[in-house]
Number of protein chains: 4
Amino acid sequence: MLVIMRDHASRDQVQHVVDMLSEAGAEAHLSEGEVKTIIGVIGDREIIYSLELEGLPGVEQVIRVLKPFKLVGRDFQPEDTVVKLGASSIGGGAFAVIAGPCSIESEEQMLATARAVKAAGATMLRGGAFKPRTSPYAFQGMGVEGLKLLRAAGDAVGLPVVTEVLDVRDAAVVAEHADILQVGARNMQNFMMLDELGTMRKPILLKRGLAATIEELLSAAEYVLKGGNRDVILCERGIRTFETYTRNTLDLAAVSALKSLTHLPVISDPSHATGRRDLIAPMAKASVAAGADGLMIEVHPDPERARCDGPQSLTPADFGTLMEQLVPRLAVEGKHLGIAS
Amino acid sequence: MLVIMRDHASRDQVQHVVDMLSEAGAEAHLSEGEVKTIIGVIGDREIIYSLELEGLPGVEQVIRVLKPFKLVGRDFQPEDTVVKLGASSIGGGAFAVIAGPCSIESEEQMLATARAVKAAGATMLRGGAFKPRTSPYAFQGMGVEGLKLLRAAGDAVGLPVVTEVLDVRDAAVVAEHADILQVGARNMQNFMMLDELGTMRKPILLKRGLAATIEELLSAAEYVLKGGNRDVILCERGIRTFETYTRNTLDLAAVSALKSLTHLPVISDPSHATGRRDLIAPMAKASVAAGADGLMIEVHPDPERARCDGPQSLTPADFGTLMEQLVPRLAVEGKHLGIAS
Amino acid sequence: MLVIMRDHASRDQVQHVVDMLSEAGAEAHLSEGEVKTIIGVIGDREIIYSLELEGLPGVEQVIRVLKPFKLVGRDFQPEDTVVKLGASSIGGGAFAVIAGPCSIESEEQMLATARAVKAAGATMLRGGAFKPRTSPYAFQGMGVEGLKLLRAAGDAVGLPVVTEVLDVRDAAVVAEHADILQVGARNMQNFMMLDELGTMRKPILLKRGLAATIEELLSAAEYVLKGGNRDVILCERGIRTFETYTRNTLDLAAVSALKSLTHLPVISDPSHATGRRDLIAPMAKASVAAGADGLMIEVHPDPERARCDGPQSLTPADFGTLMEQLVPRLAVEGKHLGIAS
Amino acid sequence: MLVIMRDHASRDQVQHVVDMLSEAGAEAHLSEGEVKTIIGVIGDREIIYSLELEGLPGVEQVIRVLKPFKLVGRDFQPEDTVVKLGASSIGGGAFAVIAGPCSIESEEQMLATARAVKAAGATMLRGGAFKPRTSPYAFQGMGVEGLKLLRAAGDAVGLPVVTEVLDVRDAAVVAEHADILQVGARNMQNFMMLDELGTMRKPILLKRGLAATIEELLSAAEYVLKGGNRDVILCERGIRTFETYTRNTLDLAAVSALKSLTHLPVISDPSHATGRRDLIAPMAKASVAAGADGLMIEVHPDPERARCDGPQSLTPADFGTLMEQLVPRLAVEGKHLGIAS
């Protein structure tokens, strides 16, 4: 940590900062210029992040050089984390394609989708049972009944299933039926839920918040790892910007940046990021090229009648075409579909 | 709702949309231009928001003209909602000043703060027992012990107390000790928590999310009102933009806009919005001028040693000065401090 | 400037940075921790800003502590700059109200507006002769003919006139007719134009770019002052964010921040910032409370038939009401209208 | 265009809008619901964009369905525009790699770079003679002297040269020396410059502004085409968002979207978008996958000593490696380097 003092800060002000630091158990190193004094601080992460020096008299700026996370970093674990679920895996060269409808609507819909995506090469099945909706008047999902349909469809085709935990009180029941527990963008900083999921023994798929920085996403993952759960998959799903042509702005540089900062698998969700069916295929390909370890794609047997996110859902036929396009692109990147054939 | 068809959409495509609308119980009105056909849709809010027509063949754009909220709107209730808590009130001319520390740290700290802010004219007392922190290594709050200290301090000086519900599972215990339950910015779209708080009989203070639009904030409030709880206070606390000089960007036009869109009280939190002590007083004054019904201000007896948000906390002396400055400004706006003297 | 080396950067890498610094004429001060070495750099602004050390081996981050501006800073000139134009002035307690139509359309329109705003208390007259329009198919302004109408209207009522220089090649002709030359938001970083205006002897009204930081706005002003022109007025006119309810997001904290960072007058433009007539009055009042030195307000005798920005123009009657509301608010802030009566 | 009236707007208000439309030469089609009346407007682009109906009594919202551009659209010209310059071309399957230093610094530097990038497979040479710099104290470029060095280096290796026009007054001299005239992000809405470049007979490389929407970029290009110059190349170079890990946020969905909206070639500039050397290669590959027609890459023989943008410049060796990686990826996308071998 660096404490930058204001121009011509007084000797007393500098000493005061130094005293507070040593009181807290940190070391201070002075660097005195003609105009500015800078104090370098050495100490452990916990101390550095518990100190609040910005308000001290004479202090202009405090810069934290240590990252607010540790367990998720490449420094802590250089090799890729690989998350395995039966015949499917993700990370370390294994590429996941997680496909399925936005919301679970019926047994027929789930089974038809599961068969179609499995046939096209998907490695995991997704579907929403609890849906976060901006308006309380929109369809909110089938709940536990939906979880059962998802589980049954996954079992029928032999794919692990992913679904969102919308309420921390539902974590246990979701874990009963699903293989991977998803934390949605709106809950990325629901720290109590992250704490709870940290105690569980199921992989977590953590989506980036609409206004979350890369560092905040990593700090959110740190909550889960700190609780003891090492299997976290990160997901870039678009950030909110001024551009309205797309629903959100897919930040693919974040995918590449995350791949070098963390050992955790990083996937991309072009469906939610763009909100437009015509942009899913190009953004899926671009995600592969950017180094993603997987994709999350909305597929619906009849998008026109989907109860949620129809405009951004692919038909099974479109999805099949996309999977065919991905194969040579994965080969170029030295990756393979993460599923035992 | 308006459905705008693509240029030269086929007659069949148009008919298909019309059929789906009548199937769902809505009425379609065609307006056919040379190049474009536009379909006006009449139906109730639930139907309009459950239809997903964007993906239909030939459809270019769907525009929802009806707002996604109803109960919070001025159309539904033209007169201001006034929230009352003992001698304190907010709305309809009564201006609330909710002051206190970011986090509750000790009995002495809470009592000293409570006495100081009461003496200066605050109308409610705040303090955080459960703290949302980006890093899992930062101080997370005193929990239930903190709630008791807050309650005791409020009782000692005769002010109602406000504190955040961070976890839906804590809603009941927080409601036991606090008069107003705060939903933080990160939980603004934690819909399950909003549903839960809708069933409670304590006022809710709902903070705008960092990337939430005005319409999304109103829709979040609609969740609470739809559950039966009519006492919701909205809070503008800064949105996330590219500007980094301030922690967030205080959107005061949103305060004015909300005042005309909704009957609910709207307050402003310049402490969190700016993250800088020197900007709190000018932004507090500007909030009054923009039509806010109240302010939320962080005050700490010793900001240097605050365990959270020190740099943006006022000292009791600064807070006293600010309160003196607010009095003539409230008078100009035709408002009064919402506390019986 | 601080150069933060990567964890465990080599001795050679550190030495290399130190060598490059001394080669450039700057001094290096080492601060070596167990994990990190930090190099404090002392040197003048020109050197600091010409060095590009970010790419050197072993360098993690470079932090510039010196601001990229000097002449505009309060350090350089603590007392307020006051810009004077005949009987009108701005800065140092004198509050400017610059009113008039978005675009100059006819002699009648300009004269009617000039008389109306003068009668209501405006201190300067504005009007656009060269209009920046997103679409090449929109009305582009009357050009030099418009400048003459503006000048005549200003002379008729005895108010100085403000208008935009859209093209650097027009700077001279605009200066011939106008008292203050405006640089629009889209030209804030048109550095060649700033250089040109720096050589002129007319005050410059510099609007903040849609995506410009506070620091970039000050740096743009520095270009003008560096050229020898000390009369620059800064204008906050909204930044571009994800919120679409308002045209832009008025950043009033920037007004307060600028007032403490610079001695230059700072005004606010609620018309362009919000794009909504109903929000102009509350944001004008909030601007006064935030410490602004003036306002820029669009007024049109017949907003319905305005060729530009009708939806955000006030009628003369609305403007009169607003001026009456401003008077007591200016008094509370210890300011007065900047016009000799 | 659609005019949406407020709920229960009066018959007179509706009639007033209809009258203004017919007065302007447009046709109105009424669609009257129980609560809302909607007016469909048919007329040509010029009329639609010159009307300002938002402020009329009873009008809630005006939605422009016609795009603000025409000549740049796929509707106007379905087939790809191909820009040709000697042996190099871009568009229609031909992929351009425009490489070179941020700023031209010396004959040796330009020649060394030109030879290196030509050897590695670049199809065009870039270099900045006039540099837009935030601070007036930073290096501003070599000016006309630099143009000559760029020209000489391009001629020496047989590559067309691209450079920025920073000042409209320099357009002619730049056109004398360069093959493609670049409009920088800060000048994207410098409409007078766009008008000037529209009259020239050299291709224009138009970079997206930091806060410009896709539609605004296309409208800016429309200015050039409307002037008679059909050879415009669009360039995505990152937009400004809240994320600070990268300098800007590369919006690759914009590249894909532009490719379907316009016939003009679209390239990507990962150097400026990310500001980080380590992210250039992955974002270059992702750009290819997203459908870009080319790349703009900063290359410097000695990035450490670059006078500008060193941290984001590749060495010739890194650039060579990147070019090798691009070849198989272009093949997968069915594209080829746009240079005659």
# chains A, B, ... in the order shown; residues from 1 in each chain; ligands from 1
>>> interface_residues(of="chain A", to="chain D", cutoff="10 Å", atoms="only C-alpha atoms", output="PyMOL selection string")
chain A and resi 211-215+239-246+248-257+260+270+273-274+276+278-291+325+328-329+332-333
>>> residues_around(residues="range 144-158 of chain D", least_positions_apart="2", cutoff="7 Å", atoms="only C-alpha atoms", output="NGL selection string")
:D and (104 or 107 or 110-111 or 114-115 or 118 or 125 or 127 or 129 or 142 or 160-161 or 177-178)
>>> write_last_selection(atoms="C-alpha atoms", output="PDB file, in the first residue's frame")
ATOM      1  CA  ILE D 104       6.646   8.894 -35.914  1.00  0.00           C
ATOM      2  CA  GLU D 107      13.710   8.113 -40.079  1.00  0.00           C
ATOM      3  CA  MET D 110      10.027   4.438 -39.255  1.00  0.00           C
ATOM      4  CA  LEU D 111      12.171   2.485 -41.668  1.00  0.00           C
ATOM      5  CA  ALA D 114       8.195  -0.528 -41.920  1.00  0.00           C
ATOM      6  CA  ARG D 115      10.607  -3.285 -42.836  1.00  0.00           C
ATOM      7  CA  LYS D 118       6.154  -5.691 -44.049  1.00  0.00           C
ATOM      8  CA  LEU D 125       1.766   1.056 -42.558  1.00  0.00           C
ATOM      9  CA  GLY D 127       2.302   6.232 -37.900  1.00  0.00           C
ATOM     10  CA  ALA D 129       2.553  12.800 -37.213  1.00  0.00           C
ATOM     11  CA  MET D 142       6.629  15.722 -35.551  1.00  0.00           C
ATOM     12  CA  PRO D 160       0.223   2.259 -48.400  1.00  0.00           C
ATOM     13  CA  VAL D 161       0.358   4.604 -45.426  1.00  0.00           C
ATOM     14  CA  HIS D 177       1.509  12.460 -48.174  1.00  0.00           C
ATOM     15  CA  ALA D 178      -0.837   9.732 -47.000  1.00  0.00           C
TER      16      ALA D 178
END
>>> residues_around(residues="Leu264 in chain C", least_positions_apart="6", cutoff="9 Å", atoms="only C-alpha atoms", output="PDB file with N, CA and C atoms, in the first residue's frame")
ATOM      1  N   VAL C  72      -4.309  26.020 -14.554  1.00  0.00           N
ATOM      2  CA  VAL C  72      -5.716  26.095 -14.174  1.00  0.00           C
ATOM      3  C   VAL C  72      -5.918  25.789 -12.696  1.00  0.00           C
ATOM      4  N   GLY C  73      -4.882  25.335 -12.014  1.00  0.00           N
ATOM      5  CA  GLY C  73      -5.035  24.847 -10.645  1.00  0.00           C
ATOM      6  C   GLY C  73      -5.098  25.945  -9.586  1.00  0.00           C
ATOM      7  N   ARG C  74      -5.737  25.618  -8.480  1.00  0.00           N
ATOM      8  CA  ARG C  74      -5.812  26.535  -7.325  1.00  0.00           C
ATOM      9  C   ARG C  74      -4.436  26.742  -6.707  1.00  0.00           C
ATOM     10  N   ASP C  80     -10.285  33.267  -7.138  1.00  0.00           N
ATOM     11  CA  ASP C  80     -11.187  33.053  -8.271  1.00  0.00           C
ATOM     12  C   ASP C  80     -10.860  33.946  -9.467  1.00  0.00           C
ATOM     13  N   THR C  81     -10.876  33.363 -10.646  1.00  0.00           N
ATOM     14  CA  THR C  81     -10.831  34.158 -11.871  1.00  0.00           C
ATOM     15  C   THR C  81     -12.222  34.753 -12.095  1.00  0.00           C
ATOM     16  N   VAL C  82     -12.268  36.045 -12.386  1.00  0.00           N
ATOM     17  CA  VAL C  82     -13.549  36.682 -12.705  1.00  0.00           C
ATOM     18  C   VAL C  82     -13.485  37.142 -14.161  1.00  0.00           C
ATOM     19  N   VAL C  83     -14.425  36.670 -14.969  1.00  0.00           N
ATOM     20  CA  VAL C  83     -14.473  37.069 -16.378  1.00  0.00           C
ATOM     21  C   VAL C  83     -15.483  38.205 -16.514  1.00  0.00           C
ATOM     22  N   GLY C  91     -18.000  34.681 -11.917  1.00  0.00           N
ATOM     23  CA  GLY C  91     -16.923  34.244 -11.033  1.00  0.00           C
ATOM     24  C   GLY C  91     -16.810  35.157  -9.833  1.00  0.00           C
ATOM     25  N   ARG C 230      -6.327  33.553 -20.520  1.00  0.00           N
ATOM     26  CA  ARG C 230      -6.636  33.161 -19.146  1.00  0.00           C
ATOM     27  C   ARG C 230      -8.125  33.098 -18.838  1.00  0.00           C
ATOM     28  N   ASP C 231      -8.954  33.595 -19.760  1.00  0.00           N
ATOM     29  CA  ASP C 231     -10.388  33.665 -19.483  1.00  0.00           C
ATOM     30  C   ASP C 231     -11.139  32.450 -19.997  1.00  0.00           C
ATOM     31  N   VAL C 232     -11.138  31.422 -19.191  1.00  0.00           N
ATOM     32  CA  VAL C 232     -11.849  30.207 -19.577  1.00  0.00           C
ATOM     33  C   VAL C 232     -12.941  29.946 -18.548  1.00  0.00           C
ATOM     34  N   ILE C 233     -14.133  29.631 -19.043  1.00  0.00           N
ATOM     35  CA  ILE C 233     -15.265  29.257 -18.196  1.00  0.00           C
ATOM     36  C   ILE C 233     -15.549  27.792 -18.481  1.00  0.00           C
ATOM     37  N   LEU C 234     -15.620  26.972 -17.442  1.00  0.00           N
ATOM     38  CA  LEU C 234     -15.895  25.545 -17.628  1.00  0.00           C
ATOM     39  C   LEU C 234     -17.390  25.291 -17.507  1.00  0.00           C
ATOM     40  N   LEU C 258     -14.721  20.711  -9.218  1.00  0.00           N
ATOM     41  CA  LEU C 258     -13.994  21.683 -10.048  1.00  0.00           C
ATOM     42  C   LEU C 258     -13.775  22.987  -9.287  1.00  0.00           C
TER      43      LEU C 258
END
>>> select_by_dssp(residues="range 101-272 of chain B", states="strand (DSSP E)", output="PyMOL selection string")
chain B and resi 124-126+161-164+180-183+204-207+232-236+266-268
>>> write_last_selection(atoms="C-alpha atoms", output="compact mmCIF listing (two decimals), in the first residue's frame")
# COMPACT_ATOMS: atom_id res chain seq x y z
CA MET B 124 -33.25 9.24 12.42
CA LEU B 125 -30.21 7.21 13.43
CA ARG B 126 -28.38 4.82 11.14
CA VAL B 161 -33.17 3.48 13.79
CA VAL B 162 -32.35 2.33 10.27
CA THR B 163 -30.09 -0.58 9.38
CA GLU B 164 -29.40 -2.87 6.46
CA ILE B 180 -36.65 0.86 9.04
CA LEU B 181 -35.09 -1.99 7.07
CA GLN B 182 -32.56 -0.93 4.48
CA VAL B 183 -31.95 -2.80 1.23
CA ILE B 204 -38.22 -0.31 3.71
CA LEU B 205 -35.42 1.98 2.60
CA LEU B 206 -34.49 0.83 -0.92
CA LYS B 207 -31.19 2.01 -2.35
CA VAL B 232 -41.02 2.28 0.83
CA ILE B 233 -38.43 5.07 0.79
CA LEU B 234 -36.23 5.29 -2.31
CA CYS B 235 -32.59 6.35 -2.09
CA GLU B 236 -30.31 7.71 -4.82
CA VAL B 266 -37.00 9.90 -2.24
CA ILE B 267 -33.78 10.59 -0.35
CA SER B 268 -30.17 11.09 -1.34
>>> closest_residue(among="A:Phe95, A:Phe319, A:Phe139, A:Tyr223", to="Phe191 in chain A", atoms="only C-alpha atoms")
A:Tyr223
>>> closest_residue(among="A:Glu105, A:Glu196, A:Glu304, A:Asp44", to="Asp167 in chain B", atoms="only C-alpha atoms")
A:Glu196
>>> decode(residues="range 161-232 of chain B", atoms="C-alpha atoms", output="PDB file, in the first residue's frame")
ATOM      1  CA  VAL B 161     -33.172   3.476  13.792  1.00  0.00           C
ATOM      2  CA  VAL B 162     -32.346   2.330  10.271  1.00  0.00           C
ATOM      3  CA  THR B 163     -30.094  -0.585   9.381  1.00  0.00           C
ATOM      4  CA  GLU B 164     -29.397  -2.869   6.456  1.00  0.00           C
ATOM      5  CA  VAL B 165     -30.735  -6.368   5.915  1.00  0.00           C
ATOM      6  CA  LEU B 166     -27.882  -8.092   4.142  1.00  0.00           C
ATOM      7  CA  ASP B 167     -29.303 -11.617   4.162  1.00  0.00           C
ATOM      8  CA  VAL B 168     -32.954 -12.466   3.685  1.00  0.00           C
ATOM      9  CA  ARG B 169     -32.609 -14.989   6.526  1.00  0.00           C
ATOM     10  CA  ASP B 170     -31.846 -12.088   8.885  1.00  0.00           C
ATOM     11  CA  ALA B 171     -34.916 -10.049   7.941  1.00  0.00           C
ATOM     12  CA  ALA B 172     -36.876 -11.132  11.010  1.00  0.00           C
ATOM     13  CA  VAL B 173     -34.101 -10.473  13.505  1.00  0.00           C
ATOM     14  CA  VAL B 174     -33.340  -7.094  11.958  1.00  0.00           C
ATOM     15  CA  ALA B 175     -37.037  -6.209  12.053  1.00  0.00           C
ATOM     16  CA  GLU B 176     -37.037  -7.077  15.735  1.00  0.00           C
ATOM     17  CA  HIS B 177     -34.472  -4.370  16.484  1.00  0.00           C
ATOM     18  CA  ALA B 178     -34.824  -1.747  13.760  1.00  0.00           C
ATOM     19  CA  ASP B 179     -37.566   0.654  12.709  1.00  0.00           C
ATOM     20  CA  ILE B 180     -36.647   0.859   9.041  1.00  0.00           C
ATOM     21  CA  LEU B 181     -35.086  -1.990   7.069  1.00  0.00           C
ATOM     22  CA  GLN B 182     -32.556  -0.928   4.478  1.00  0.00           C
ATOM     23  CA  VAL B 183     -31.948  -2.800   1.230  1.00  0.00           C
ATOM     24  CA  GLY B 184     -28.449  -1.988  -0.006  1.00  0.00           C
ATOM     25  CA  ALA B 185     -27.505  -1.114  -3.571  1.00  0.00           C
ATOM     26  CA  ARG B 186     -26.123  -4.599  -4.214  1.00  0.00           C
ATOM     27  CA  ASN B 187     -29.436  -6.179  -3.194  1.00  0.00           C
ATOM     28  CA  MET B 188     -31.759  -3.839  -5.085  1.00  0.00           C
ATOM     29  CA  GLN B 189     -32.597  -6.651  -7.480  1.00  0.00           C
ATOM     30  CA  ASN B 190     -32.504  -9.451  -4.895  1.00  0.00           C
ATOM     31  CA  PHE B 191     -36.104 -10.163  -5.756  1.00  0.00           C
ATOM     32  CA  MET B 192     -36.604 -12.889  -3.163  1.00  0.00           C
ATOM     33  CA  MET B 193     -35.595 -10.452  -0.448  1.00  0.00           C
ATOM     34  CA  LEU B 194     -37.936  -7.830  -1.880  1.00  0.00           C
ATOM     35  CA  ASP B 195     -40.765 -10.386  -1.815  1.00  0.00           C
ATOM     36  CA  GLU B 196     -39.981 -11.187   1.821  1.00  0.00           C
ATOM     37  CA  LEU B 197     -39.850  -7.525   2.838  1.00  0.00           C
ATOM     38  CA  GLY B 198     -43.153  -6.989   1.063  1.00  0.00           C
ATOM     39  CA  THR B 199     -44.806  -9.193   3.667  1.00  0.00           C
ATOM     40  CA  MET B 200     -43.364  -7.290   6.615  1.00  0.00           C
ATOM     41  CA  ARG B 201     -44.863  -4.347   8.455  1.00  0.00           C
ATOM     42  CA  LYS B 202     -41.802  -2.120   8.731  1.00  0.00           C
ATOM     43  CA  PRO B 203     -40.852   0.620   6.278  1.00  0.00           C
ATOM     44  CA  ILE B 204     -38.217  -0.309   3.712  1.00  0.00           C
ATOM     45  CA  LEU B 205     -35.416   1.980   2.597  1.00  0.00           C
ATOM     46  CA  LEU B 206     -34.493   0.827  -0.917  1.00  0.00           C
ATOM     47  CA  LYS B 207     -31.187   2.007  -2.354  1.00  0.00           C
ATOM     48  CA  ARG B 208     -30.651   2.299  -6.080  1.00  0.00           C
ATOM     49  CA  GLY B 209     -28.265  -0.268  -7.544  1.00  0.00           C
ATOM     50  CA  LEU B 210     -24.967   0.923  -8.999  1.00  0.00           C
ATOM     51  CA  ALA B 211     -26.112   0.123 -12.519  1.00  0.00           C
ATOM     52  CA  ALA B 212     -29.863   0.325 -12.052  1.00  0.00           C
ATOM     53  CA  THR B 213     -32.032   2.592 -14.153  1.00  0.00           C
ATOM     54  CA  ILE B 214     -34.753   4.744 -12.653  1.00  0.00           C
ATOM     55  CA  GLU B 215     -37.322   2.346 -14.076  1.00  0.00           C
ATOM     56  CA  GLU B 216     -35.596  -0.653 -12.505  1.00  0.00           C
ATOM     57  CA  LEU B 217     -35.543   1.063  -9.116  1.00  0.00           C
ATOM     58  CA  LEU B 218     -39.282   1.675  -9.388  1.00  0.00           C
ATOM     59  CA  SER B 219     -39.861  -1.924 -10.471  1.00  0.00           C
ATOM     60  CA  ALA B 220     -37.904  -3.147  -7.446  1.00  0.00           C
ATOM     61  CA  ALA B 221     -40.103  -0.999  -5.199  1.00  0.00           C
ATOM     62  CA  GLU B 222     -43.140  -2.442  -6.972  1.00  0.00           C
ATOM     63  CA  TYR B 223     -42.126  -5.907  -5.682  1.00  0.00           C
ATOM     64  CA  VAL B 224     -42.400  -4.637  -2.105  1.00  0.00           C
ATOM     65  CA  LEU B 225     -45.693  -2.812  -2.627  1.00  0.00           C
ATOM     66  CA  LYS B 226     -47.164  -5.774  -4.493  1.00  0.00           C
ATOM     67  CA  GLY B 227     -46.446  -7.849  -1.360  1.00  0.00           C
ATOM     68  CA  GLY B 228     -48.585  -5.490   0.696  1.00  0.00           C
ATOM     69  CA  ASN B 229     -45.995  -3.192   2.264  1.00  0.00           C
ATOM     70  CA  ARG B 230     -46.735   0.367   1.166  1.00  0.00           C
ATOM     71  CA  ASP B 231     -43.992   2.141   3.141  1.00  0.00           C
ATOM     72  CA  VAL B 232     -41.017   2.282   0.834  1.00  0.00           C
TER      73      VAL B 232
END
